[in-house]
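Source file: query.cif; contents: mmCIF, C-alpha atoms and all ligand atoms.
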data_coords
loop_
_atom_site.label_atom_id
_atom_site.label_comp_id
_atom_site.auth_asym_id
_atom_site.auth_seq_id
_atom_site.Cartn_x
_atom_site.Cartn_y
_atom_site.Cartn_z
CA MET A 2 18.54 23.07 28.95
CA GLU A 3 21.95 22.80 30.53
CA LEU A 4 21.49 26.29 31.99
CA LEU A 5 18.19 25.30 33.55
CA SER A 6 19.74 22.23 35.15
CA GLN A 7 22.60 24.35 36.52
CA MET A 8 20.11 26.83 37.98
CA TRP A 9 18.30 24.05 39.81
CA SER A 10 21.55 22.79 41.34
CA LEU A 11 22.71 26.33 42.28
CA LEU A 12 19.46 26.80 44.13
CA GLY A 13 20.14 23.49 45.85
CA LEU A 14 16.77 22.10 44.91
CA ALA A 15 16.10 18.60 43.74
CA HIS A 16 15.42 19.04 40.06
CA PRO A 17 12.07 17.28 39.53
CA TYR A 18 12.38 16.77 35.80
CA SER A 19 14.99 15.58 33.37
CA TYR A 20 15.63 17.51 30.17
CA PHE A 21 16.93 15.72 27.16
CA ASP A 22 18.64 16.83 24.08
CA VAL A 23 17.02 13.90 22.36
CA PRO A 24 19.40 13.22 19.45
CA GLU A 25 22.39 13.39 21.81
CA PHE A 26 20.79 11.05 24.33
CA LEU A 27 20.04 8.60 21.57
CA GLY A 28 23.51 8.95 20.07
CA SER A 29 24.32 5.32 20.74
CA ALA A 30 20.95 3.99 19.58
CA SER A 31 20.17 3.51 15.90
CA VAL A 32 17.94 6.54 15.57
CA ASP A 33 18.16 9.08 12.79
CA PRO A 34 17.92 12.49 14.55
CA ASN A 35 16.43 14.17 11.47
CA GLU A 36 13.77 11.51 11.17
CA LEU A 37 13.02 11.78 14.88
CA TYR A 38 12.75 15.57 14.64
CA ARG A 39 10.27 15.18 11.79
CA HIS A 40 8.27 12.64 13.81
CA VAL A 41 8.16 14.93 16.85
CA HIS A 42 7.00 17.75 14.61
CA LEU A 43 4.21 15.67 13.03
CA TYR A 44 3.12 14.21 16.35
CA LEU A 45 2.96 17.54 18.17
CA HIS A 46 1.14 19.15 15.29
CA ARG A 47 -1.56 16.47 15.41
CA ARG A 48 -1.70 16.71 19.21
CA LEU A 49 -2.17 20.48 19.06
CA LEU A 50 -5.04 20.03 16.63
CA LEU A 51 -6.74 17.41 18.77
CA HIS A 52 -6.03 18.91 22.21
CA PRO A 53 -5.40 22.67 21.85
CA PRO A 54 -3.79 23.97 25.05
CA LEU A 55 -4.97 27.13 26.88
CA PRO A 56 -4.25 29.86 25.91
CA PRO A 57 -4.58 28.46 22.38
CA PRO A 58 -1.46 28.42 20.20
CA ARG A 59 -1.27 30.56 17.11
CA LEU A 60 -3.88 29.59 14.55
CA THR A 61 -2.86 29.80 10.91
CA LEU A 62 -5.67 30.16 8.40
CA SER A 63 -5.00 29.73 4.73
CA SER A 64 -6.50 27.95 1.74
CA SER A 65 -5.02 24.69 3.06
CA PRO A 66 -6.60 22.93 6.05
CA VAL A 67 -6.57 24.74 9.43
CA SER A 68 -3.28 24.33 11.22
CA PHE A 69 -1.91 25.25 14.64
CA SER A 70 1.65 26.20 15.29
CA LEU A 71 3.52 26.38 18.55
CA SER A 72 5.25 29.71 19.08
CA PRO A 73 8.86 29.68 20.35
CA ASN A 74 9.13 29.02 24.09
CA ASN A 75 5.58 27.67 24.24
CA SER A 76 4.96 24.17 25.47
CA VAL A 77 2.57 21.39 24.76
CA GLU A 78 1.67 18.65 27.20
CA ASP A 79 1.43 14.96 26.60
CA SER A 80 1.04 11.92 28.84
CA PHE A 81 2.53 8.46 28.77
CA SER A 82 2.01 5.56 31.21
CA GLY A 83 0.31 7.97 33.61
CA HIS A 84 3.18 10.49 33.58
CA ARG A 85 3.08 14.12 32.46
CA ILE A 86 5.40 14.94 29.59
CA LEU A 87 6.19 18.42 28.34
CA TRP A 88 7.52 19.47 24.93
CA THR A 89 8.83 23.00 24.47
CA HIS A 90 9.55 24.67 21.17
CA HIS A 91 12.81 26.65 20.97
CA SER A 92 13.95 28.97 18.27
CA ASP A 93 17.47 30.46 18.49
CA THR A 94 19.24 32.75 16.09
CA LEU A 95 22.86 31.77 15.69
CA GLN A 96 25.43 34.40 16.62
CA ASP A 97 26.69 36.46 13.65
CA SER A 98 24.17 34.87 11.41
CA LEU A 99 20.55 35.29 10.42
CA GLU A 100 20.09 31.57 10.45
CA GLU A 101 17.40 30.36 12.82
CA ARG A 102 17.78 27.05 14.62
CA ARG A 103 14.62 25.35 15.81
CA SER A 104 14.45 22.54 18.32
CA PHE A 105 12.15 20.83 20.76
CA SER A 106 13.06 19.97 24.32
CA LEU A 107 11.40 17.13 26.13
CA ARG A 108 10.76 17.16 29.89
CA LEU A 109 10.10 13.89 31.71
CA PRO A 110 9.67 13.09 35.43
CA LYS A 111 13.25 12.63 36.62
CA TRP A 112 12.98 9.34 38.49
CA HIS A 113 11.16 7.60 35.66
CA SER A 114 13.00 9.08 32.73
CA PRO A 115 15.40 6.16 32.04
CA SER A 116 12.53 3.72 31.73
CA LEU A 117 10.14 6.12 29.98
CA LEU A 118 12.22 7.83 27.32
CA LEU A 119 12.78 5.10 24.74
CA PRO A 120 9.30 3.50 24.95
CA TYR A 121 7.72 6.96 24.77
CA LEU A 122 9.76 7.97 21.73
CA SER A 123 9.13 4.71 19.93
CA GLN A 124 5.39 5.12 20.55
CA LEU A 125 5.63 8.68 19.25
CA SER A 126 7.48 7.55 16.11
CA ALA A 127 4.89 4.83 15.43
CA ALA A 128 2.06 7.37 15.80
CA ALA A 129 3.90 9.82 13.52
CA ARG A 130 4.38 7.11 10.87
CA ASP A 131 0.60 6.46 10.95
CA ILE A 132 -0.12 10.19 10.58
CA ASP A 133 2.36 10.33 7.72
CA LEU A 134 0.73 7.42 5.95
CA SER A 135 -2.83 8.60 6.32
CA SER A 136 -2.15 12.18 5.31
CA ARG A 137 0.34 11.93 2.48
CA ASP A 138 -0.66 12.50 -1.11
CA ARG A 139 -0.38 9.06 -2.73
CA ARG A 140 0.66 8.63 -6.33
CA ILE A 141 0.37 6.19 -9.19
CA TYR A 142 3.51 5.84 -11.31
CA THR A 143 3.98 4.49 -14.77
CA ASN A 144 7.20 3.88 -16.64
CA SER A 145 7.79 6.23 -19.53
CA SER A 146 8.77 5.40 -23.12
CA ALA A 147 11.11 2.65 -24.22
CA SER A 148 14.21 4.83 -24.31
CA SER A 149 17.35 3.38 -22.79
CA HIS A 150 16.90 5.57 -19.67
CA CYS A 151 13.73 4.31 -18.07
CA SER A 152 12.06 6.39 -15.42
CA TRP A 153 8.70 6.74 -13.73
CA THR A 154 6.19 9.54 -14.15
CA SER A 155 3.35 9.96 -11.69
CA VAL A 156 -0.01 11.54 -10.99
CA PRO A 157 -2.01 11.61 -7.71
CA PHE A 158 -3.66 8.27 -6.98
CA ARG A 159 -7.33 8.77 -6.10
CA HIS A 160 -9.07 5.51 -6.99
CA PRO A 161 -12.30 5.15 -4.99
CA ALA A 162 -12.29 1.34 -4.69
CA THR A 163 -11.96 0.02 -1.13
CA PHE A 164 -12.72 -3.28 0.57
CA LEU A 165 -16.04 -1.69 1.60
CA THR A 166 -17.10 -0.66 -1.91
CA LEU A 167 -15.98 -3.86 -3.68
CA ALA A 168 -18.44 -6.72 -3.66
CA LEU A 169 -16.40 -9.77 -2.65
CA PRO A 170 -17.10 -13.21 -1.18
CA PRO A 171 -16.82 -12.68 2.62
CA ASP A 172 -13.97 -15.16 3.05
CA LEU A 173 -11.93 -13.45 0.31
CA ARG A 174 -12.50 -10.00 1.82
CA SER A 175 -11.47 -11.10 5.31
CA PHE A 176 -8.48 -13.00 3.92
CA PHE A 177 -7.19 -9.85 2.17
CA LEU A 178 -7.83 -7.57 5.13
CA SER A 179 -5.93 -9.78 7.53
CA ASP A 180 -3.18 -10.77 5.09
CA LEU A 181 -2.42 -7.16 4.11
CA SER A 182 -2.59 -5.88 7.67
CA SER A 183 -0.21 -8.52 8.96
CA PHE A 184 2.17 -7.79 6.07
CA ALA A 185 2.14 -4.07 6.89
CA VAL A 186 3.27 -4.68 10.48
CA GLY A 187 5.65 -7.48 9.51
CA ARG A 188 8.99 -5.65 9.57
CA ASP A 189 10.34 -7.61 12.59
CA PHE A 190 8.90 -10.90 11.38
CA TYR A 191 10.56 -10.67 7.96
CA ALA A 192 13.84 -9.59 9.58
CA ARG A 193 13.67 -12.56 11.97
CA ILE A 194 13.15 -15.13 9.22
CA GLY A 195 15.76 -13.50 6.97
CA ARG A 196 13.49 -12.74 4.02
CA PRO A 197 12.99 -9.45 2.17
CA TRP A 198 9.92 -7.61 3.43
CA LYS A 199 7.80 -8.08 0.34
CA ARG A 200 4.78 -10.09 -0.74
CA GLY A 201 3.63 -11.32 -4.13
CA TYR A 202 0.03 -11.72 -5.29
CA PHE A 203 -1.00 -13.43 -8.52
CA LEU A 204 -4.55 -12.45 -9.54
CA HIS A 205 -6.20 -14.33 -12.37
CA GLY A 206 -9.69 -14.30 -13.81
CA PRO A 207 -11.69 -13.22 -16.86
CA PRO A 208 -11.90 -9.60 -18.00
CA GLY A 209 -14.14 -7.57 -15.69
CA SER A 210 -13.80 -9.90 -12.71
CA GLY A 211 -12.27 -7.10 -10.63
CA LYS A 212 -8.49 -7.60 -10.69
CA SER A 213 -7.61 -3.92 -11.16
CA SER A 214 -10.27 -2.82 -8.68
CA LEU A 215 -8.86 -5.24 -6.12
CA ILE A 216 -5.36 -3.78 -6.57
CA ALA A 217 -6.77 -0.27 -6.02
CA ALA A 218 -8.54 -1.47 -2.86
CA MET A 219 -5.27 -3.03 -1.63
CA ALA A 220 -3.40 0.22 -2.23
CA ASN A 221 -6.09 2.24 -0.47
CA HIS A 222 -6.21 -0.16 2.46
CA LEU A 223 -2.46 0.09 3.03
CA ALA A 224 -2.15 3.73 1.90
CA TYR A 225 0.62 2.63 -0.51
CA ASP A 226 1.68 4.17 -3.82
CA VAL A 227 1.17 2.15 -7.00
CA TYR A 228 3.83 1.50 -9.66
CA ASP A 229 2.06 0.29 -12.79
CA LEU A 230 4.88 -1.37 -14.72
CA GLU A 231 4.30 -1.60 -18.47
CA LEU A 232 6.80 -4.33 -19.39
CA THR A 233 6.52 -3.75 -23.13
CA ARG A 234 8.08 -0.32 -22.57
CA VAL A 235 11.11 -1.75 -20.74
CA PRO A 236 13.86 -2.30 -23.30
CA HIS A 237 16.13 -4.70 -21.38
CA ASN A 238 16.87 -6.31 -18.02
CA SER A 239 19.16 -3.49 -16.86
CA ALA A 240 16.35 -1.00 -17.42
CA LEU A 241 14.07 -3.25 -15.36
CA LYS A 242 16.62 -3.22 -12.51
CA SER A 243 16.96 0.54 -12.76
CA LEU A 244 13.19 0.99 -12.54
CA LEU A 245 13.05 -1.31 -9.55
CA LEU A 246 15.76 0.68 -7.78
CA GLN A 247 13.71 3.84 -8.25
CA THR A 248 10.61 2.47 -6.51
CA THR A 249 9.99 3.57 -2.94
CA PRO A 250 8.97 1.50 0.09
CA ARG A 251 5.25 1.18 0.93
CA SER A 252 4.29 0.59 -2.65
CA ILE A 253 2.54 -1.93 -4.86
CA ILE A 254 4.32 -2.81 -8.09
CA VAL A 255 1.79 -4.08 -10.63
CA ILE A 256 2.34 -5.93 -13.89
CA GLU A 257 -1.06 -6.34 -15.51
CA ASP A 258 -1.82 -8.91 -18.22
CA ILE A 259 1.54 -10.56 -17.71
CA ASP A 260 0.66 -13.17 -20.35
CA CYS A 261 0.66 -10.58 -23.13
CA SER A 262 3.26 -8.17 -21.70
CA LEU A 263 6.06 -10.27 -23.10
CA ARG A 264 6.39 -13.55 -24.89
CA LEU A 265 7.91 -14.99 -21.74
CA THR A 266 6.74 -18.53 -22.35
CA ALA A 267 8.38 -18.49 -25.75
CA ASP A 268 11.62 -17.24 -24.17
CA ARG A 269 11.48 -20.06 -21.72
CA SER A 270 10.90 -22.84 -24.23
CA ARG A 271 13.67 -21.55 -26.46
CA SER A 272 15.94 -21.44 -23.46
CA LYS A 273 15.02 -25.06 -22.60
CA LYS A 274 15.82 -26.20 -26.13
CA ARG A 275 19.15 -24.45 -25.94
CA LYS A 276 19.93 -26.14 -22.65
CA ALA A 277 19.18 -29.52 -24.19
CA SER A 278 21.69 -28.78 -26.92
CA THR A 279 25.14 -27.27 -26.45
CA SER A 280 24.50 -23.97 -24.68
CA PRO A 281 25.59 -23.58 -21.07
CA PRO A 282 22.82 -23.22 -18.45
CA CYS A 283 21.11 -19.79 -18.38
CA SER A 284 22.87 -18.56 -21.47
CA ASP A 285 19.84 -16.70 -22.71
CA GLU A 286 20.81 -14.98 -25.96
CA ASP A 287 18.63 -11.98 -25.31
CA GLU A 288 20.03 -11.58 -21.85
CA GLU A 289 23.58 -11.83 -23.09
CA SER A 290 23.02 -9.24 -25.76
CA GLY A 291 21.17 -7.15 -23.16
CA GLU A 292 18.51 -6.40 -25.73
CA ARG A 293 15.24 -7.13 -23.99
CA VAL A 294 13.56 -8.18 -20.78
CA THR A 295 13.72 -11.92 -20.38
CA LEU A 296 11.94 -14.34 -18.11
CA SER A 297 15.04 -14.72 -15.96
CA GLY A 298 15.24 -10.91 -15.68
CA LEU A 299 11.67 -10.84 -14.48
CA LEU A 300 12.27 -13.67 -12.01
CA ASN A 301 15.26 -11.81 -10.63
CA PHE A 302 13.00 -8.80 -10.28
CA THR A 303 10.45 -10.79 -8.25
CA ASP A 304 12.60 -12.96 -6.05
CA GLY A 305 16.25 -12.76 -7.00
CA LEU A 306 18.95 -10.61 -5.48
CA TRP A 307 17.52 -7.41 -6.94
CA SER A 308 14.15 -7.98 -5.34
CA CYS A 309 15.43 -7.06 -1.90
CA CYS A 310 16.54 -3.51 -2.59
CA GLY A 311 14.01 -1.44 -0.68
CA GLU A 312 11.46 -2.90 1.64
CA GLU A 313 7.75 -3.05 2.39
CA ARG A 314 6.72 -3.68 -1.17
CA ILE A 315 4.01 -5.75 -2.75
CA VAL A 316 4.28 -7.19 -6.25
CA VAL A 317 1.08 -8.08 -8.14
CA PHE A 318 0.84 -9.93 -11.45
CA THR A 319 -2.51 -10.24 -13.18
CA THR A 320 -3.68 -12.29 -16.13
CA ASN A 321 -6.88 -13.29 -17.83
CA TYR A 322 -5.29 -16.55 -18.95
CA LYS A 323 -3.50 -18.45 -16.19
CA GLN A 324 -2.80 -21.41 -18.48
CA GLN A 325 -0.63 -19.21 -20.71
CA ILE A 326 1.74 -18.27 -17.90
CA ASP A 327 5.13 -19.96 -17.73
CA PRO A 328 5.06 -22.38 -14.76
CA ALA A 329 8.36 -20.89 -13.59
CA LEU A 330 6.48 -17.72 -12.61
CA LEU A 331 3.94 -19.67 -10.63
CA ARG A 332 5.98 -22.28 -8.83
CA PRO A 333 5.63 -22.40 -5.02
CA GLY A 334 7.58 -19.68 -3.26
CA ARG A 335 7.47 -17.25 -6.16
CA MET A 336 4.16 -15.44 -5.77
CA ASP A 337 2.96 -15.91 -2.18
CA VAL A 338 -0.78 -15.74 -2.84
CA HIS A 339 -2.72 -16.94 -5.89
CA VAL A 340 -6.26 -15.58 -6.16
CA GLN A 341 -8.83 -16.59 -8.70
CA LEU A 342 -11.52 -14.03 -9.41
CA GLY A 343 -14.53 -15.07 -11.41
CA PRO A 344 -18.12 -14.41 -12.36
CA CYS A 345 -20.46 -13.24 -9.58
CA GLY A 346 -21.62 -15.80 -7.06
CA SER A 347 -24.91 -15.08 -5.30
CA HIS A 348 -23.26 -13.17 -2.43
CA VAL A 349 -21.39 -10.79 -4.76
CA LEU A 350 -24.42 -10.30 -6.98
CA ARG A 351 -26.60 -9.46 -3.98
CA GLU A 352 -24.04 -7.06 -2.56
CA MET A 353 -23.81 -5.18 -5.86
CA VAL A 354 -27.58 -4.96 -6.29
CA VAL A 355 -28.02 -3.67 -2.73
CA ARG A 356 -25.28 -1.08 -3.20
CA TYR A 357 -26.50 0.22 -6.58
CA ILE A 358 -30.30 0.05 -6.36
CA GLY A 359 -31.20 -0.93 -2.80
CA GLU A 360 -32.23 -3.76 -0.50
CA ALA A 361 -35.79 -4.07 -1.81
CA ALA A 362 -34.63 -4.79 -5.37
CA ALA A 363 -32.21 -7.42 -4.06
CA GLU A 364 -35.00 -9.12 -2.05
CA GLU A 365 -37.14 -9.20 -5.16
CA MET A 366 -34.60 -10.62 -7.60
CA MET A 367 -32.32 -12.90 -5.57
CA PRO A 368 -34.58 -16.00 -5.39
CA VAL A 369 -34.83 -16.06 -9.22
CA ALA A 370 -31.17 -15.05 -9.72
CA GLU A 371 -30.00 -17.79 -7.37
CA ARG A 372 -31.83 -20.42 -9.41
CA SER A 373 -30.16 -19.14 -12.60
CA LEU A 374 -26.75 -19.14 -10.92
CA ALA A 375 -27.35 -22.69 -9.67
CA ASP A 376 -28.16 -23.70 -13.25
CA GLY A 377 -24.79 -22.32 -14.38
CA ALA A 378 -25.53 -18.72 -15.43
CA THR A 379 -22.51 -16.41 -15.23
CA MET A 380 -22.02 -12.65 -15.21
CA THR A 381 -18.84 -10.85 -14.22
CA PRO A 382 -19.01 -7.95 -11.73
CA ALA A 383 -18.26 -5.60 -14.64
CA GLU A 384 -21.30 -6.89 -16.58
CA VAL A 385 -23.56 -6.65 -13.52
CA GLY A 386 -22.21 -3.18 -12.74
CA GLU A 387 -22.96 -2.00 -16.26
CA VAL A 388 -26.64 -3.06 -16.10
CA LEU A 389 -27.07 -1.57 -12.63
CA LEU A 390 -25.37 1.69 -13.50
CA ARG A 391 -27.40 2.44 -16.59
CA ASN A 392 -30.63 1.65 -14.69
CA ARG A 393 -29.76 3.13 -11.32
CA ASP A 394 -32.88 5.33 -11.35
CA ALA A 395 -35.14 2.50 -12.52
CA PRO A 396 -34.66 -0.44 -10.15
CA GLU A 397 -37.42 -2.53 -11.71
CA THR A 398 -35.82 -2.29 -15.16
CA ALA A 399 -32.43 -3.14 -13.63
CA VAL A 400 -33.85 -6.28 -12.01
CA ARG A 401 -35.63 -7.33 -15.22
CA GLU A 402 -32.51 -6.83 -17.33
CA LEU A 403 -30.25 -8.66 -14.90
CA ILE A 404 -32.56 -11.68 -14.76
CA ALA A 405 -32.79 -11.66 -18.57
CA GLU A 406 -28.99 -11.53 -18.93
CA LEU A 407 -28.47 -14.28 -16.38
CA ASN A 408 -30.93 -16.51 -18.17
CA ALA A 409 -29.25 -15.80 -21.49
CA ASP A 410 -25.94 -17.07 -20.19
CA LEU A 411 -25.89 -20.55 -18.78
CA LEU A 412 -22.23 -21.42 -18.24
CA GLY A 413 -20.59 -22.30 -14.91
CA GLY A 414 -18.82 -19.83 -12.60
CA SER A 415 -17.46 -19.20 -9.13
CA GLY A 416 -17.27 -15.94 -7.19
CA GLY A 417 -13.56 -15.88 -6.43
CA ARG A 418 -11.25 -17.78 -4.11
CA VAL A 419 -7.70 -18.12 -2.83
CA ASP A 420 -6.17 -21.07 -4.75
N1 LIG A 501 -16.00 -6.99 -6.93
C1 LIG A 501 -16.51 -5.91 -7.54
N2 LIG A 501 -17.43 -5.14 -6.92
C2 LIG A 501 -17.95 -4.06 -7.55
N3 LIG A 501 -17.60 -3.67 -8.78
C3 LIG A 501 -16.69 -4.40 -9.43
C4 LIG A 501 -16.09 -5.55 -8.83
N4 LIG A 501 -15.22 -6.07 -9.69
C5 LIG A 501 -15.25 -5.29 -10.79
N5 LIG A 501 -16.13 -4.29 -10.63
C6 LIG A 501 -16.41 -3.23 -11.61
O1 LIG A 501 -16.19 -3.78 -12.90
C7 LIG A 501 -15.42 -2.93 -13.72
C8 LIG A 501 -14.20 -3.65 -14.27
O2 LIG A 501 -13.40 -4.08 -13.18
P1 LIG A 501 -11.83 -4.28 -13.26
O3 LIG A 501 -11.24 -3.35 -14.26
O4 LIG A 501 -11.30 -4.23 -11.88
O5 LIG A 501 -11.74 -5.75 -13.83
P2 LIG A 501 -10.44 -6.52 -14.37
O6 LIG A 501 -10.58 -7.95 -13.93
O7 LIG A 501 -9.21 -5.82 -13.97
O8 LIG A 501 -10.64 -6.39 -15.93
P3 LIG A 501 -9.52 -6.56 -17.09
O9 LIG A 501 -8.96 -7.94 -17.01
O10 LIG A 501 -10.31 -6.33 -18.34
O11 LIG A 501 -8.48 -5.50 -16.84
C9 LIG A 501 -15.07 -1.72 -12.88
O12 LIG A 501 -15.91 -0.66 -13.25
C10 LIG A 501 -15.36 -2.12 -11.46
O13 LIG A 501 -15.89 -1.05 -10.72
#
Could you express the structure from this file as structure tokens?
Amino acid sequence: MELLSQMWSLLGLAHPYSYFDVPEFLGSASVDPNELYRHVHLYLHRRLLLHPPLPPPRLTLSSSPVSFSLSPNNSVEDSFSGHRILWTHHSDTLQDSLEERRSFSLRLPKWHSPSLLLPYLSQLSAAARDIDLSSRDRRIYTNSSASSHCSWTSVPFRHPATFLTLALPPDLRSFFLSDLSSFAVGRDFYARIGRPWKRGYFLHGPPGSGKSSLIAAMANHLAYDVYDLELTRVPHNSALKSLLLQTTPRSIIVIEDIDCSLRLTADRSRSKKRKASTSPPCSDEDEESGERVTLSGLLNFTDGLWSCCGEERIVVFTTNYKQQIDPALLRPGRMDVHVQLGPCGSHVLREMVVRYIGEAAAEEMMPVAERSLADGATMTPAEVGEVLLRNRDAPETAVRELIAELNADLLGGSGGRVD
């Protein structure tokens, strides 16, 4: 690059473009050169796939998806704010060594380069992060046995639930879509207000009301990994901290059935009794002996000092029995969003019937079903799904069975709401 610039000045010509050794140029800015290199690589790869230049770059065919690669000294064009931008791939072999050094050089119009470079690179990094998110293989982790060294094991996460496949009351669906999306782009907001970039959801409702499916839809919507934390396998608070430290950003940490994971309420009431007697505040015996996970350990995990290691994380607690949860876990400021899921309302029921057996069946059954629902009949989405699934090739039977089950159950119910 330097050589090229010198050639232009030797020839006495006004050099129309500026070349940048990007990491050097950004030396004073807080940019990680390795991360930037990776972003440039991802971005150019996607660009080559979408806009192959002429003559086309080398095409690599293998069992994995088709991919283009840019041979050394070849360039790929981009544009930004109406200006032409050129990336060139370089590959040099170091003297006295077989090691190959690869780099990209960026060429920008000279007179605009100071104002273009940083906005262009930050746009490129944002695009690369999106590509990264949408293409990476996501995983679901679970904590392994209750040995003193707790760790996570994982498998690929391929749950099919999304906010399109789940039947939800429209206001709940739009609440989740906008709440999750604004969380995902909230880095600057959380930094500005001085809070860790995390969000807590507390989902409660009867078995089969869709709590796990909703978590899967959240993870799919954000393209996050899932850490399914089995508290009964965590031997003590230090192990809980260690597990937390091992989680990665852009993840959802889930504790299902929090009411039966631990006897947290019992811990709490014992602790209260102790406080009323002679023990000093917070002197939880279990915590002192370090023998098990306590309520205070869990609270520290959700919103204490340890909660802010790592960023862009969502914590979800679920329970079938909200009344059995210690109020300390639910007090304002602890879990940001409380959502009650329940038996199907008429909207959810209709949506499920349409999706499983078609519009005509829904038209036929909804007037009768709505009367039963108004009279207090309840069925959870899981119960409705079961009837529809086993009769998916016989819509008339499905309708008949659903109406019969609704009439057999005349208790009250809602369809789900944000508390
Ligand atoms: N809103 C929904 N739309 C479509 N199907 C649903 C919905 N909610 C639940 N289901 C179906 O019901 C079944 C059970 O759902 P899920 O496991 O999410 O419920 P849950 O509330 O987590 O139950 P549990 O408390 O027993 O763990 C799943 O097969 C799921 O596909």
key: Of the listed residues A:Gly298, A:Pro328, A:Gly377, A:Pro120, that which approaches His237 of chain A most closely, counting only C-alpha atoms   = A:Gly298
Mind dumping a table of every chain A residue within 7 Å of ligand LIG 501 (chain A), with the nearest atom pair and its distance in Å to one decimal, using all atoms listed in the file, sorted by chain and rising number, as CSV?
residue,atom,partner,partner_atom,distance
A:Thr166,CA,A:LIG501,C2,6.6
A:Leu167,CA,A:LIG501,N2,3.8
A:Ala168,CA,A:LIG501,N2,3.8
A:Leu169,CA,A:LIG501,N1,5.1
A:Gly206,CA,A:LIG501,O6,6.4
A:Pro207,CA,A:LIG501,O9,5.9
A:Pro208,CA,A:LIG501,O9,3.5
A:Gly209,CA,A:LIG501,O5,3.5
A:Ser210,CA,A:LIG501,O6,4.0
A:Gly211,CA,A:LIG501,N4,3.3
A:Lys212,CA,A:LIG501,O7,3.8
A:Ser213,CA,A:LIG501,O7,3.8
A:Ser214,CA,A:LIG501,O4,3.6
A:Leu215,CA,A:LIG501,O4,6.3
A:Thr320,CA,A:LIG501,O9,6.9
A:Asn321,CA,A:LIG501,O9,5.8
A:Val349,CA,A:LIG501,N1,6.9
A:Met353,CA,A:LIG501,C2,6.2
A:Pro382,CA,A:LIG501,N4,4.7
A:Ala383,CA,A:LIG501,O1,3.3
A:Gly386,CA,A:LIG501,C6,5.9
message = Would you compute the distance between atom CA of Arg196 of chain A and atom CA of Asp133 of chain A? Give it in Å to one decimal.
response =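 About the pair atom CA of Arg196 of chain A and atom CA of Asp133 of chain A: they are 25.9 Å apart.
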request  = Do a neighbour search on Arg137 of chain A at 10 Å with all atoms listed in the file, toss out local chain neighbours closer than 3 positions, and write the hits as a list in words.
outcome  = Ile132, Asp133, Leu134, Arg140, Ala224 and Tyr225 of chain A
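Atom CA of Leu223 of chain A to atom CA of Leu181 of chain A spans 7.3 Å [interatomic distance, one decimal].
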inquiry  = Would you pick out the contacts of Leu43 of chain A at 12 Å or less, using only C-alpha atoms, so that residues sharing its chain but fewer than 6 positions from it are not included, and give the list as a list in words?
reply    =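 Final neighbour list, sorted by chain and number: Glu36, Leu37, Leu49, Leu50, Ser68, Phe69, Ser70, Leu125, Ser126, Ala127, Ala128, Ala129, Arg130, Asp131, Ile132, Asp133, Leu134, Ser136 and Arg137 of chain A.
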Need to verify the contact set: Glu312 of chain A, 9 Å, all atoms listed in the file, exclusion of same-chain residues closer than 5 positions in sequence. Can you return it as an mmCIF file with C-alpha atoms, keeping the file's coordinate frame?
data_model
loop_
_atom_site.group_PDB
_atom_site.id
_atom_site.type_symbol
_atom_site.label_atom_id
_atom_site.label_comp_id
_atom_site.auth_asym_id
_atom_site.auth_seq_id
_atom_site.Cartn_x
_atom_site.Cartn_y
_atom_site.Cartn_z
ATOM 1 C CA ARG A 188 8.990 -5.650 9.570
ATOM 2 C CA PRO A 197 12.990 -9.450 2.170
ATOM 3 C CA TRP A 198 9.920 -7.610 3.430
ATOM 4 C CA LYS A 199 7.800 -8.080 0.340
ATOM 5 C CA THR A 249 9.990 3.570 -2.940
ATOM 6 C CA PRO A 250 8.970 1.500 0.090
ATOM 7 C CA ARG A 251 5.250 1.180 0.930
#
Atom CA of Phe158 of chain A to atom CA of Asp138 of chain A, distance in Å rounded to a single decimal =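 Those two atoms sit 7.8 Å apart.
Distance annotation: of A:His205, A:Lys242, A:Arg314, A:Arg401, the residue with the minimal separation from Asp260 of chain A is A:His205; atom set is all atoms listed in the file.
With all atoms listed in the file as the atoms that count, the residue of A:Arg47, A:Arg200, A:His348, A:His90 with the shortest distance to Phe318 of chain A is A:Arg200.
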Neighbours of point (-1.4, 13.0, -9.5) within 12 Å, using all atoms listed in the file, written as number ranges by chain = A: 138-143, 154-160, 226-227
inquiry  = So that I can check the surroundings of Arg335 of chain A, please list as a PyMOL selection string every protein, DNA and RNA residue that reaches within 10 Å of it, counting all atoms listed in the file and ignoring chain neighbours fewer than 6 positions away.
reply    = chain A and resi 200-203+300+303-305+329
Determine the axis-aligned bounding box of all atoms of segment 151-161 of chain A present in the file, pad each side by 8 Å, and express its centre and edge lengths in Å to one decimal place as AutoDock Vina command-line options.
--center_x 0.7 --center_y 8.0 --center_z -11.5 --size_x 42.0 --size_y 23.3 --size_z 29.1
